[in-house]
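So the structure is just underneath, and the comments pick up after that.
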Amino acid sequence: GKERKSDKETTPKQKEILTNQLHVWWAEQDKTFWDRVSRYCDANNPSVQQMVLEMNMVSDMSQTVSPQWVWARDTDKAGIALGLANQFLA
């Protein structure tokens, strides 16, 4: 497997580059956008902080979904989070 880059803090310049790139991508169709995000992550092996920044930006750019998602059970949310963490760490 590919070795991860250091998980040190994201620099202001990296934040600016990521923000600008995400705004360009956001203007595209959903499938194109998510394909590009996936290819970016595969090619650049971003740190955890960079991935969190990207997803926070995506969240900030997203419109509020109506009706908003409500978990059926509190344990469902924890189960999904653990499943994602296990995939990331695999």
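Here, A, B, ... name the chains of the structure tokens in the order displayed, residue numbers run from 1 inside each chain, and ligands are numbered from 1 in the same displayed order.
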
Residues of region 12-42 of chain A that have any atom at most 9 Å from an atom of region 58-61 of chain A: could you tabulate them with the shortest-distance atom pair and the distance in Å to one decimal, using only C-alpha atoms, ordered by chain and increasing number, as CSV?
```
residue,atom,partner,partner_atom,distance
A:Leu22,CA,A:Val58,CA,7.5
A:His23,CA,A:Met61,CA,8.3
A:Trp26,CA,A:Met61,CA,8.0
```

Selected residues, N, CA and C atoms, written as a short mmCIF file (atom, residue, chain, number, x, y, z; two decimals), in the first residue's frame, please.
```
data_model
loop_
_atom_site.label_atom_id
_atom_site.label_comp_id
_atom_site.auth_asym_id
_atom_site.auth_seq_id
_atom_site.Cartn_x
_atom_site.Cartn_y
_atom_site.Cartn_z
N LEU A 22 -11.91 23.06 -4.78
CA LEU A 22 -13.25 22.57 -4.48
C LEU A 22 -14.32 23.47 -5.08
N HIS A 23 -14.10 24.79 -5.09
CA HIS A 23 -15.08 25.70 -5.70
C HIS A 23 -15.18 25.47 -7.21
N TRP A 26 -17.06 22.21 -7.58
CA TRP A 26 -18.45 22.27 -7.12
C TRP A 26 -19.41 22.71 -8.23
#
```

Across A:Thr10, A:Ser62, A:Thr75, A:Thr32, the smallest distance to Gln49 (chain A), with only C-alpha atoms counted, is shown by A:Thr10

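From CA of Pro12 (chain A) back to CA of Ser47 (chain A), the distance works out to 14.4 Å.
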
Among chain A, which residues carry a DSSP assignment of helix (DSSP H, G or I), reported as number ranges by chain? A: 12-26, 30-44, 48-61, 74-89

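The space between CA of Lys15 (chain A) and CA of Ala81 (chain A) spans 24.8 Å.
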
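The two atoms in question, CA of Tyr40 (chain A) and CA of Gln68 (chain A), are spaced 28.9 Å apart.
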
So that I can see what lies close to Gln14 (chain A), please list as a ChimeraX atom specification the residues with an atom at most 12 Å from it, counting only C-alpha atoms and leaving out residues fewer than 5 positions away in the same chain. /A:8-9,19-21,46-47,49-51,53-54

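Distances from A:Ala27, A:Val48, A:Met55, A:Ala43 to Leu89 (chain A) were compared using only C-alpha atoms, and the smallest one belongs to A:Val48.
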